[in-house]
Structure formats: C-alpha cells, structure tokens
$ cat protein_17.txt   # compact mmCIF, C-alpha atoms and all ligand atoms
# COMPACT_ATOMS: atom_id res chain seq x y z
CA MET O 1185 -15.60 -17.62 0.45
CA TYR O 1186 -14.46 -16.24 -2.92
CA LYS O 1187 -16.06 -16.41 -6.31
CA THR O 1188 -13.80 -17.22 -9.26
CA ILE O 1189 -14.67 -16.00 -12.76
CA LYS O 1190 -12.71 -16.70 -15.92
CA ILE O 1191 -12.83 -13.74 -18.32
CA LYS O 1192 -13.02 -14.52 -22.01
CA THR O 1193 -10.12 -12.82 -23.76
CA LYS O 1194 -8.24 -13.30 -27.03
CA ALA O 1195 -5.66 -15.50 -25.32
CA ASP O 1196 -7.88 -18.52 -24.70
CA GLY O 1197 -5.16 -20.58 -23.10
CA LYS O 1198 -2.57 -19.88 -25.80
CA ASP O 1199 -0.66 -17.06 -24.15
CA ASP O 1200 1.86 -17.34 -21.36
CA ALA O 1201 0.71 -14.33 -19.31
CA LYS O 1202 -1.79 -15.51 -16.74
CA ILE O 1203 -3.12 -12.80 -14.48
CA LEU O 1204 -5.13 -13.20 -11.31
CA VAL O 1205 -7.33 -10.19 -10.56
CA ILE O 1206 -8.47 -9.94 -6.96
CA TYR O 1207 -11.53 -7.76 -6.61
CA THR O 1208 -11.91 -6.45 -3.06
CA GLY O 1209 -14.42 -3.65 -3.70
CA GLY O 1210 -14.21 0.14 -3.90
CA THR O 1211 -15.62 2.71 -6.29
CA LEU O 1212 -14.20 1.08 -9.42
CA GLY O 1213 -16.69 -1.76 -9.32
CA MET O 1214 -19.82 0.30 -8.88
CA VAL O 1215 -22.61 0.41 -11.43
CA TYR O 1216 -25.83 2.31 -11.53
CA ASP O 1217 -28.79 0.34 -10.24
CA HIS O 1218 -32.10 1.47 -11.73
CA ARG O 1219 -34.18 -0.15 -9.04
CA SER O 1220 -32.48 1.58 -6.13
CA ASP O 1221 -31.47 4.67 -8.16
CA GLY O 1222 -27.99 4.41 -6.65
CA LEU O 1223 -24.55 2.88 -7.13
CA VAL O 1224 -24.13 -0.75 -6.18
CA PRO O 1225 -21.11 -3.09 -6.46
CA PHE O 1226 -21.13 -4.91 -9.75
CA ASP O 1227 -20.83 -8.59 -10.38
CA PHE O 1228 -17.69 -9.38 -12.39
CA ALA O 1229 -19.73 -11.73 -14.54
CA GLN O 1230 -21.13 -8.49 -16.05
CA ILE O 1231 -17.66 -7.38 -17.18
CA PRO O 1232 -18.24 -7.98 -20.91
CA ASP O 1233 -21.07 -5.39 -20.75
CA ASN O 1234 -19.04 -2.81 -18.84
CA LEU O 1235 -15.60 -3.38 -20.25
CA PRO O 1236 -15.85 -5.16 -23.62
CA GLU O 1237 -12.23 -4.06 -24.31
CA MET O 1238 -11.09 -6.89 -22.05
CA GLY O 1239 -12.09 -9.35 -24.72
CA ARG O 1240 -9.35 -7.93 -26.95
CA LEU O 1241 -6.50 -8.49 -24.48
CA ASP O 1242 -4.19 -11.34 -25.27
CA PHE O 1243 -3.49 -12.70 -21.84
CA GLU O 1244 -5.52 -14.98 -19.60
CA ILE O 1245 -7.49 -13.31 -16.86
CA THR O 1246 -9.09 -14.98 -13.88
CA VAL O 1247 -10.98 -12.86 -11.36
CA LEU O 1248 -11.35 -13.81 -7.75
CA THR O 1249 -13.95 -11.64 -6.08
CA PHE O 1250 -14.41 -11.17 -2.37
CA GLU O 1251 -17.85 -12.37 -1.43
CA LYS O 1252 -18.39 -9.32 0.72
CA LEU O 1253 -17.10 -6.36 -1.29
CA LEU O 1254 -15.42 -3.74 0.85
CA ASP O 1255 -15.35 0.01 0.75
CA SER O 1256 -11.67 0.39 1.53
CA SER O 1257 -12.49 2.32 4.71
CA ASN O 1258 -13.44 -1.10 6.06
CA ILE O 1259 -10.15 -2.78 5.17
CA THR O 1260 -8.33 -4.25 8.17
CA PRO O 1261 -4.95 -5.92 8.68
CA SER O 1262 -6.69 -9.31 8.52
CA VAL O 1263 -7.65 -8.48 4.91
CA TRP O 1264 -3.99 -7.74 4.11
CA ILE O 1265 -3.04 -11.13 5.48
CA LYS O 1266 -5.84 -12.73 3.46
CA LEU O 1267 -4.56 -11.03 0.29
CA ALA O 1268 -1.00 -12.14 1.02
CA GLU O 1269 -2.22 -15.70 1.58
CA ILE O 1270 -4.17 -15.75 -1.69
CA ILE O 1271 -1.09 -14.53 -3.57
CA GLY O 1272 1.00 -17.16 -1.80
CA GLN O 1273 -1.43 -19.93 -2.71
CA LYS O 1274 -1.74 -18.85 -6.34
CA TYR O 1275 1.86 -17.76 -6.85
CA ASP O 1276 2.95 -20.67 -9.03
CA GLU O 1277 -0.26 -20.75 -11.03
CA PHE O 1278 -0.23 -17.08 -12.13
CA ASP O 1279 2.36 -14.73 -13.61
CA SER O 1280 1.03 -11.64 -11.96
CA PHE O 1281 -1.64 -10.14 -9.74
CA VAL O 1282 -3.88 -7.10 -10.04
CA ILE O 1283 -5.77 -6.02 -6.94
CA LEU O 1284 -8.88 -3.88 -7.41
CA HIS O 1285 -9.25 -1.87 -4.25
CA GLY O 1286 -10.89 1.32 -3.01
CA THR O 1287 -8.60 4.31 -3.20
CA ASP O 1288 -9.09 5.55 0.36
CA THR O 1289 -6.78 3.06 2.05
CA MET O 1290 -5.01 1.65 -0.99
CA ALA O 1291 -1.64 3.08 0.05
CA TYR O 1292 -1.86 1.33 3.44
CA SER O 1293 -2.76 -1.98 1.79
CA ALA O 1294 0.01 -1.70 -0.80
CA SER O 1295 2.54 -0.87 1.93
CA ALA O 1296 1.44 -3.80 4.09
CA LEU O 1297 1.57 -6.24 1.17
CA SER O 1298 5.06 -5.06 0.25
CA TYR O 1299 6.27 -6.20 3.68
CA LEU O 1300 4.20 -9.38 3.88
CA LEU O 1301 5.41 -10.71 0.50
CA GLU O 1302 9.10 -11.28 1.03
CA ASN O 1303 11.15 -12.13 -2.08
CA LEU O 1304 8.32 -11.16 -4.39
CA ASN O 1305 9.37 -11.69 -7.98
CA LYS O 1306 6.08 -11.04 -9.75
CA PRO O 1307 3.98 -7.91 -10.25
CA VAL O 1308 1.31 -7.10 -7.68
CA ILE O 1309 -0.48 -4.04 -9.04
CA PHE O 1310 -3.14 -2.24 -7.05
CA THR O 1311 -5.62 -0.08 -8.89
CA GLY O 1312 -9.04 1.45 -8.48
CA ALA O 1313 -10.93 4.45 -9.70
CA GLN O 1314 -12.35 7.79 -8.72
CA LEU O 1315 -15.49 7.20 -10.81
CA PRO O 1316 -17.39 3.91 -11.01
CA ILE O 1317 -16.98 1.71 -14.05
CA GLY O 1318 -20.66 2.17 -14.81
CA VAL O 1319 -20.32 5.96 -15.25
CA ALA O 1320 -19.66 7.25 -18.77
CA ARG O 1321 -16.64 9.41 -17.82
CA THR O 1322 -15.10 6.74 -15.63
CA ASP O 1323 -11.36 6.45 -15.07
CA ALA O 1324 -11.84 2.80 -14.12
CA LYS O 1325 -11.36 1.46 -17.62
CA GLU O 1326 -8.00 3.07 -18.31
CA ASN O 1327 -6.73 2.30 -14.83
CA PHE O 1328 -7.78 -1.34 -14.97
CA ILE O 1329 -6.68 -2.10 -18.54
CA THR O 1330 -3.29 -0.43 -18.12
CA ALA O 1331 -2.73 -2.15 -14.77
CA LEU O 1332 -3.35 -5.45 -16.57
CA GLU O 1333 -0.90 -4.52 -19.33
CA ILE O 1334 1.77 -3.60 -16.79
CA ALA O 1335 1.11 -6.84 -14.93
CA ALA O 1336 1.57 -8.78 -18.18
CA ALA O 1337 4.70 -6.92 -19.33
CA LYS O 1338 7.78 -9.10 -19.70
CA GLN O 1339 11.33 -8.55 -20.82
CA ASN O 1340 13.74 -11.43 -21.41
CA ASN O 1341 11.08 -13.76 -20.07
CA ARG O 1342 10.94 -11.94 -16.77
CA PRO O 1343 8.33 -9.54 -15.46
CA VAL O 1344 9.26 -5.91 -16.07
CA VAL O 1345 7.91 -5.03 -12.63
CA SER O 1346 8.36 -7.40 -9.73
CA GLU O 1347 7.12 -5.46 -6.77
CA VAL O 1348 3.95 -4.15 -5.14
CA CYS O 1349 2.80 -1.02 -6.99
CA ILE O 1350 -0.14 1.30 -7.41
CA TYR O 1351 -1.15 2.16 -10.95
CA PHE O 1352 -3.42 5.18 -11.20
CA ASN O 1353 -4.10 7.94 -13.70
CA SER O 1354 -1.21 7.12 -16.05
CA VAL O 1355 1.45 6.62 -13.42
CA LEU O 1356 2.91 3.54 -11.80
CA LEU O 1357 4.15 4.19 -8.27
CA ARG O 1358 5.92 2.03 -5.74
CA GLY O 1359 3.09 1.03 -3.40
CA ASN O 1360 4.86 1.77 -0.15
CA ARG O 1361 5.93 5.22 -1.38
CA ALA O 1362 2.48 6.30 -2.53
CA ARG O 1363 -0.24 8.17 -0.73
CA LYS O 1364 -3.71 9.32 -1.67
CA HIS O 1365 -3.45 13.08 -2.00
CA GLU O 1366 -6.49 13.94 -4.07
CA SER O 1367 -10.12 12.98 -3.61
CA VAL O 1368 -11.77 14.83 -6.50
CA GLN O 1369 -9.41 14.93 -9.49
CA PHE O 1370 -8.35 11.74 -11.24
CA ASN O 1371 -4.72 11.98 -10.08
CA ALA O 1372 -5.47 10.43 -6.70
CA PHE O 1373 -1.95 9.22 -5.87
CA GLU O 1374 1.52 10.68 -5.63
CA ALA O 1375 4.88 9.55 -4.33
CA GLU O 1376 6.82 12.66 -3.35
CA ASN O 1377 9.92 10.81 -2.24
CA TYR O 1378 10.38 8.31 -5.05
CA PRO O 1379 10.35 8.59 -8.84
CA VAL O 1380 7.45 7.35 -10.91
CA LEU O 1381 8.14 3.75 -12.01
CA ALA O 1382 6.30 4.02 -15.30
CA GLU O 1383 4.24 6.49 -17.23
CA ALA O 1384 1.48 5.38 -19.57
CA GLY O 1385 1.04 7.57 -22.62
CA VAL O 1386 0.81 6.24 -26.13
CA LYS O 1387 3.42 3.75 -24.92
CA ILE O 1388 4.11 2.60 -21.38
CA GLU O 1389 7.54 4.02 -20.57
CA TYR O 1390 9.28 2.20 -17.71
CA ASN O 1391 11.76 3.96 -15.45
CA HIS O 1392 13.95 0.85 -15.17
CA PRO O 1393 16.69 2.13 -12.82
CA PHE O 1394 14.12 2.76 -10.10
CA ILE O 1395 12.20 -0.51 -10.39
CA ARG O 1396 13.28 -3.19 -7.90
CA HIS O 1397 15.55 -5.80 -9.42
CA TYR O 1398 14.34 -9.30 -10.04
CA LYS O 1399 15.96 -11.53 -7.43
CA GLN O 1400 17.71 -14.69 -8.53
CA ASN O 1401 17.13 -18.01 -6.79
CA VAL O 1402 14.68 -16.92 -4.14
CA SER O 1403 11.26 -18.21 -3.27
CA LEU O 1404 8.33 -16.22 -2.01
CA LYS O 1405 7.87 -16.10 1.73
CA VAL O 1406 4.44 -15.01 2.91
CA HIS O 1407 4.41 -13.44 6.36
CA LYS O 1408 1.16 -13.81 8.25
CA HIS O 1409 1.53 -11.76 11.39
CA LEU O 1410 0.73 -8.12 11.94
CA ASP O 1411 0.39 -6.53 15.36
CA GLU O 1412 -2.29 -3.87 15.67
CA ASN O 1413 -1.12 -2.44 19.00
CA VAL O 1414 0.15 0.71 17.33
CA VAL O 1415 -1.11 4.25 16.93
CA ILE O 1416 -0.49 7.43 14.92
CA LEU O 1417 -0.04 10.57 16.98
CA LYS O 1418 -0.11 13.72 14.88
CA LEU O 1419 1.31 16.84 16.50
CA PHE O 1420 -0.36 20.22 16.15
CA PRO O 1421 0.36 23.54 17.81
CA GLY O 1422 -1.68 23.50 21.01
CA ILE O 1423 -1.74 19.72 21.47
CA SER O 1424 -2.31 19.24 25.18
CA GLU O 1425 -0.62 17.14 27.77
CA LYS O 1426 -3.95 15.39 28.38
CA VAL O 1427 -4.16 14.26 24.75
CA VAL O 1428 -0.56 13.08 24.44
CA LYS O 1429 -0.76 11.31 27.78
CA SER O 1430 -3.96 9.48 26.98
CA VAL O 1431 -2.57 8.24 23.67
CA LEU O 1432 0.73 7.09 25.14
CA GLN O 1433 -1.06 5.33 27.99
CA ILE O 1434 -3.29 3.16 25.80
CA GLU O 1435 -3.30 -0.31 27.31
CA GLY O 1436 -1.10 -2.76 25.44
CA LEU O 1437 0.37 -0.08 23.19
CA LYS O 1438 3.64 -1.17 21.59
CA GLY O 1439 4.43 1.41 18.94
CA VAL O 1440 3.70 5.02 18.04
CA VAL O 1441 4.15 6.69 14.68
CA LEU O 1442 4.78 10.28 15.75
CA GLU O 1443 3.89 12.70 12.96
CA THR O 1444 6.17 15.62 13.62
CA TYR O 1445 6.76 18.93 11.88
CA GLY O 1446 9.18 19.56 9.01
CA ALA O 1447 12.44 17.66 9.33
CA GLY O 1448 11.21 15.73 12.39
CA ASN O 1449 10.74 18.50 14.90
CA ALA O 1450 8.55 18.48 18.00
CA PRO O 1451 7.79 20.84 20.88
CA THR O 1452 10.46 21.14 23.55
CA ASP O 1453 7.99 21.63 26.41
CA GLU O 1454 9.15 19.77 29.45
CA TRP O 1455 5.86 17.86 29.86
CA PHE O 1456 6.01 16.65 26.26
CA LEU O 1457 9.59 15.41 26.38
CA LYS O 1458 8.97 13.78 29.75
CA LEU O 1459 5.98 11.83 28.39
CA ILE O 1460 7.96 10.70 25.35
CA LYS O 1461 10.89 9.62 27.53
CA GLU O 1462 8.64 7.74 29.96
CA SER O 1463 6.99 5.88 27.07
CA LEU O 1464 10.33 4.89 25.61
CA ASP O 1465 11.51 3.75 29.04
CA SER O 1466 8.39 1.62 29.41
CA GLY O 1467 9.28 -0.21 26.14
CA ILE O 1468 7.09 1.64 23.66
CA VAL O 1469 8.80 2.22 20.31
CA ILE O 1470 8.37 5.67 18.76
CA TYR O 1471 8.86 6.16 15.04
CA ASN O 1472 9.32 9.73 13.83
CA VAL O 1473 7.79 10.65 10.45
CA SER O 1474 7.17 14.07 9.00
CA GLN O 1475 3.86 15.75 8.33
CA CYS O 1476 5.41 17.05 5.11
CA ASN O 1477 4.70 15.06 1.98
CA GLY O 1478 8.23 15.39 0.67
CA GLY O 1479 11.64 15.45 2.30
CA ARG O 1480 12.81 13.49 5.29
CA VAL O 1481 13.20 13.40 9.02
CA THR O 1482 16.71 14.35 10.11
CA GLN O 1483 16.74 14.05 13.88
CA GLY O 1484 19.26 16.35 15.50
CA ARG O 1485 19.31 18.93 12.74
CA TYR O 1486 17.26 21.37 14.79
CA GLN O 1487 17.33 21.75 18.53
CA THR O 1488 13.65 20.72 18.44
CA SER O 1489 14.58 17.21 17.37
CA GLN O 1490 17.87 16.74 19.18
CA TYR O 1491 16.31 15.41 22.34
CA LEU O 1492 14.17 12.92 20.41
CA GLN O 1493 17.35 11.57 18.88
CA GLU O 1494 19.17 11.39 22.21
CA ILE O 1495 16.45 9.47 24.03
CA GLY O 1496 16.01 6.84 21.32
CA VAL O 1497 13.11 7.88 19.09
CA VAL O 1498 13.62 5.97 15.83
CA SER O 1499 13.87 8.14 12.72
CA GLY O 1500 11.40 7.23 9.99
CA ALA O 1501 13.57 9.06 7.41
CA ASP O 1502 11.47 9.65 4.29
CA LEU O 1503 8.67 7.18 5.05
CA THR O 1504 5.06 8.03 4.46
CA THR O 1505 2.79 7.66 7.47
CA GLU O 1506 1.01 4.83 5.64
CA ALA O 1507 4.26 2.94 5.13
CA ALA O 1508 5.37 3.65 8.71
CA ILE O 1509 2.27 2.44 10.56
CA THR O 1510 2.07 -0.75 8.51
CA LYS O 1511 5.79 -1.32 8.96
CA MET O 1512 5.34 -1.06 12.72
CA MET O 1513 2.53 -3.63 12.58
CA PHE O 1514 4.83 -5.86 10.55
CA ALA O 1515 7.86 -5.37 12.80
CA PHE O 1516 5.92 -6.22 15.98
CA GLY O 1517 4.40 -9.17 14.11
CA GLN O 1518 7.93 -10.42 13.49
CA SER O 1519 9.36 -10.13 16.96
CA ASN O 1520 8.73 -9.20 20.57
CA ASP O 1521 12.33 -8.25 21.05
CA LEU O 1522 12.57 -4.45 21.10
CA GLU O 1523 16.05 -4.35 19.62
CA GLU O 1524 14.97 -6.57 16.75
CA VAL O 1525 11.85 -4.44 16.16
CA LYS O 1526 14.01 -1.30 16.04
CA ARG O 1527 16.46 -2.99 13.70
CA ILE O 1528 13.60 -3.79 11.31
CA LEU O 1529 12.27 -0.23 11.54
CA LYS O 1530 15.65 1.35 10.82
CA GLN O 1531 16.30 -0.40 7.54
CA PRO O 1532 14.31 -0.62 4.32
CA ILE O 1533 12.41 -3.87 3.86
CA ALA O 1534 10.89 -3.31 0.43
CA GLY O 1535 12.26 -0.01 -0.81
CA GLU O 1536 9.93 2.02 1.40
CA MET O 1537 12.64 4.34 2.69
CA SER O 1538 16.03 5.64 1.67
N1 LIG Q 1601 -14.61 5.01 -0.50
C1 LIG Q 1601 -14.07 4.35 -1.66
C2 LIG Q 1601 -13.11 3.30 -1.18
O1 LIG Q 1601 -12.00 3.60 -0.81
C3 LIG Q 1601 -13.40 5.34 -2.54
C4 LIG Q 1601 -12.75 4.75 -3.76
O2 LIG Q 1601 -12.78 3.59 -4.07
O3 LIG Q 1601 -12.18 5.54 -4.49
O4 LIG Q 1601 -13.45 2.15 -1.15

$ encode --input "protein_17.txt" --output "structure tokens"
Amino acid sequence: MYKTIKIKTKADGKDDAKILVIYTGGTLGMVYDHRSDGLVPFDFAQIPDNLPEMGRLDFEITVLTFEKLLDSSNITPSVWIKLAEIIGQKYDEFDSFVILHGTDTMAYSASALSYLLENLNKPVIFTGAQLPIGVARTDAKENFITALEIAAAKQNNRPVVSEVCIYFNSVLLRGNRARKHESVQFNAFEAENYPVLAEAGVKIEYNHPFIRHYKQNVSLKVHKHLDENVVILKLFPGISEKVVKSVLQIEGLKGVVLETYGAGNAPTDEWFLKLIKESLDSGIVIYNVSQCNGGRVTQGRYQTSQYLQEIGVVSGADLTTEAAITKMMFAFGQSNDLEEVKRILKQPIAGEMS
C-alpha cells in the first residue's frame, strides 16, 4: 500500500536523528513531464535529481510514499486516521516525522493529527509548497529542507519541538492554530491567535516559551475514531430560514460549527433563534467560532450573542474553523454522551484554544 524509499544522506546510519517522511501528495511533489507537457507527481526515487542538497544532510531519512498521491482537496478523515496509525506504528523506530501534504487542507490535517496523537513527544511537521519542486523558483526546497532540520533539532537529547506543526515560508506554526490565508504568495499560512514557534533566517530561532513542553513518562496514544456527522454553517447577512433549516435538519447531524460575526454574534431574528434552540433541544451540539481571523468569541458580550450563550451554544473561543470542525469530529469519535462531548469541546486538547 505504501512505497518505502531510503534516501542517501551523509548520515549513513551513524547519526541518531532518524526521520520518517510521509509523502501524501500536493504541489510540492510535482515535476514537469515533457511527454504530457504538464505537471505530474514525482517519484521520490528521483529526489537526488531534484533535491541533491538532501545528500548533504547528516540525519537518516526514510520516505514512505502513498501509492495514490493526493491533491489535498481529496483528503478525508480516513486519511488522517491512516497518518496517525503510521506514526503510531513507526513511533519507536523514528525520532521525528515530516508530512508532505498539499497546502489546501493542510491546516485541517494538522489539526486532526494534533487531536489523534495524544501524548505526542516527537515532532510531526507538515510542509508543502506553492510551487512544484521541479520549477526553478520553487519554495519546495527551502520548506522541505528546513522542515527536516526542525524535525531533527534536539536539545539535551530531547526534540526541540514535540507537537504537530506546519512549517512554511520561514515560519513554524502550531498546526491547529494555522490556516491557509494566501494562495498566490509564498506565505501561505498564518496563525493569528498564537505566536510563531520558530523563525528560520540564517539561524532557526525557536520561540521556546510557546512550544509545548515535552511530557515526562507518557506513551503515545493513537486515537482512531472520527465522526463525520458534522457541518460548518457560515452566517452572512441575508441568510434565509430555508438555508439554516435545511442545514440543521440534515439526517444524522450531530454537530455544527457556527461561523458567526465578530466576537461571536448572530442575528436575533426570531426564526433564527428558534431553529438554533430546536436543534440544541434535539441533541445537536453547536460550536460558535468567529469569521474573523484574529480575536475570540465572547458569548454574552453583545446582545446578539447573549441568547446563544443562554440556550447552550458552546463557545469556540479563539479556535480556527479548521481546528473546530476537526475537534468536533474527534469529540464525537470519543463519546456519544453529549455532556462528555461538550466537556471535550470546552477545553483545549492540544493547545488549539486559549
Ligand atoms: N491543490 C494543491 C493541494 O492542496 C495545492 C498545494 O499543494 O499547494 O494539494
């Protein structure tokens, strides 16, 4: 199901940093194909031709490539579980993990993995590129090489970073705080609500106080259940009763991420509040996140969010939508008990909210 390739580097079995690269697909791995005159996914066996710099790195690199490479628009929760399982199976064998992934849904995948990998004590660094590795001006090389260096970084015999992150365009971000905000420039990702974990200039400068602490005496627990009976409902001025009703009445629906305005505000029309209340009464969980990139939901601050607070909409605080929807999938994968699901949603699991 996967192909494994050992990359020849300077380490040759002598170094203690062993990195597993998992190649899922995305723009990074595209090369120009003369026959078809288009971009096609490249075979990692061709890496010495495209990235000879890898030969100069002094850690061991093994690449596991998905047989069917995915544009990240085709990533599904089952792929997240697969990734978590691979990391679980290879956890003792490798010091760290780099996941090459398309940028489009990378923030969802990084968020999901941060919940699925409980007690993670090793780096899991997602990266990708805006331009294929086979293009002269590509950002793939810098992103990939620096992600490998961050994955290999150790201090006092411990990894410098022991959480799920996204490295892109010189910055290391907490994965479940990041979102793709740019589709043309190289700076594809930002994390408005959490500081950058590292910045790569001439040196890689780590922002230690904001990096999750290494946990003593714990072992990795890989969770394998995600529930897809959730939806994102984004408000907009003029949203109709018909639209809200049809979303809330989806068969089997368990959870809604409600993208509200500003600090968590929503219309106070009677029909709207009635639909929300009826859904809550029928056992649907509603999680309030803001359409703003920065800041947080503070239910009750404005009259337009007071009612949501009173009837039991759960505040998503400063979560991104990506982190919220994957957290809902995770929470319903953990339990069918509504109180337990709400308890999970209200507290941070992997530093995704504050
Ligand atoms: N569509 C591509 C993907 O997400 C874009 C990228 O990799 O940047 O797989």

$ residues_around --input "protein_17.txt" --residues "segment 1444-1458 of chain O" --least-positions-apart "2" --cutoff "7 Å" --atoms "all atoms listed in the file" --output "PDB file with C-alpha atoms, keeping the file's coordinate frame"
ATOM      1  CA  LYS O1418      -0.110  13.720  14.880  1.00  0.00           C
ATOM      2  CA  LEU O1419       1.310  16.840  16.500  1.00  0.00           C
ATOM      3  CA  GLU O1425      -0.620  17.140  27.770  1.00  0.00           C
ATOM      4  CA  LEU O1442       4.780  10.280  15.750  1.00  0.00           C
ATOM      5  CA  ILE O1460       7.960  10.700  25.350  1.00  0.00           C
ATOM      6  CA  LYS O1461      10.890   9.620  27.530  1.00  0.00           C
ATOM      7  CA  GLU O1462       8.640   7.740  29.960  1.00  0.00           C
ATOM      8  CA  ASN O1472       9.320   9.730  13.830  1.00  0.00           C
ATOM      9  CA  VAL O1473       7.790  10.650  10.450  1.00  0.00           C
ATOM     10  CA  SER O1474       7.170  14.070   9.000  1.00  0.00           C
ATOM     11  CA  GLN O1475       3.860  15.750   8.330  1.00  0.00           C
ATOM     12  CA  CYS O1476       5.410  17.050   5.110  1.00  0.00           C
ATOM     13  CA  ARG O1480      12.810  13.490   5.290  1.00  0.00           C
ATOM     14  CA  VAL O1481      13.200  13.400   9.020  1.00  0.00           C
ATOM     15  CA  THR O1482      16.710  14.350  10.110  1.00  0.00           C
ATOM     16  CA  GLN O1483      16.740  14.050  13.880  1.00  0.00           C
ATOM     17  CA  THR O1488      13.650  20.720  18.440  1.00  0.00           C
ATOM     18  CA  SER O1489      14.580  17.210  17.370  1.00  0.00           C
TER      19      SER O1489
END

$ closest_atom_pairs --input "protein_17.txt" --of "chain O" --to "ligand LIG 1601 (chain Q)" --cutoff "6 Å" --atoms "all atoms listed in the file" --output "JSON lines"
{"residue": "O:Gly1210", "atom": "CA", "partner": "Q:LIG1601", "partner_atom": "O4", "distance": 3.5}
{"residue": "O:Thr1211", "atom": "CA", "partner": "Q:LIG1601", "partner_atom": "O2", "distance": 3.7}
{"residue": "O:Asp1255", "atom": "CA", "partner": "Q:LIG1601", "partner_atom": "O4", "distance": 3.4}
{"residue": "O:Ser1256", "atom": "CA", "partner": "Q:LIG1601", "partner_atom": "O4", "distance": 3.7}
{"residue": "O:Ser1257", "atom": "CA", "partner": "Q:LIG1601", "partner_atom": "O1", "distance": 5.7}
{"residue": "O:Gly1286", "atom": "CA", "partner": "Q:LIG1601", "partner_atom": "O2", "distance": 3.1}
{"residue": "O:Thr1287", "atom": "CA", "partner": "Q:LIG1601", "partner_atom": "O3", "distance": 4.0}
{"residue": "O:Asp1288", "atom": "CA", "partner": "Q:LIG1601", "partner_atom": "O1", "distance": 3.7}
{"residue": "O:Thr1289", "atom": "CA", "partner": "Q:LIG1601", "partner_atom": "O1", "distance": 6.0}
{"residue": "O:Ala1313", "atom": "CA", "partner": "Q:LIG1601", "partner_atom": "O3", "distance": 5.5}
{"residue": "O:Gln1314", "atom": "CA", "partner": "Q:LIG1601", "partner_atom": "O3", "distance": 4.8}

$ residues_near_point --input "protein_17.txt" --point "(2.4, 5.0, -16.0)" --cutoff "6 Å" --atoms "all atoms listed in the file" --output "ChimeraX atom specification"
/O:1354-1356,1382-1384

$ axis_aligned_box --input "protein_17.txt" --around "segment 1200-1210 of chain O" --padding-each-side "4 Å" --output "AutoDock Vina command-line options"
--center_x -6.3 --center_y -8.6 --center_z -12.2 --size_x 24.3 --size_y 25.5 --size_z 26.3

$ atom_distance --input "protein_17.txt" --atom1 "atom CA of Glu1326 of chain O" --atom2 "atom CA of Leu1212 of chain O"
11.0 Å

$ closest_residue --input "protein_17.txt" --among "O:Glu1536, O:Glu1374, O:Glu1523, O:Glu1251" --to "Met1185 of chain O" --atoms "only C-alpha atoms"
O:Glu1251

$ closest_residue --input "protein_17.txt" --among "O:Leu1417, O:Ile1245, O:Ile1334, O:Ala1362" --to "Glu1389 of chain O" --atoms "all atoms listed in the file"
O:Ile1334

$ closest_residue --input "protein_17.txt" --among "O:Asn1234, O:Gln1433, O:Gln1531, O:Asn1360" --to "Thr1505 of chain O" --atoms "all atoms listed in the file"
O:Asn1360

$ atom_distance --input "protein_17.txt" --atom1 "atom CA of Ile1283 of chain O" --atom2 "atom CA of Val1308 of chain O"
7.2 Å
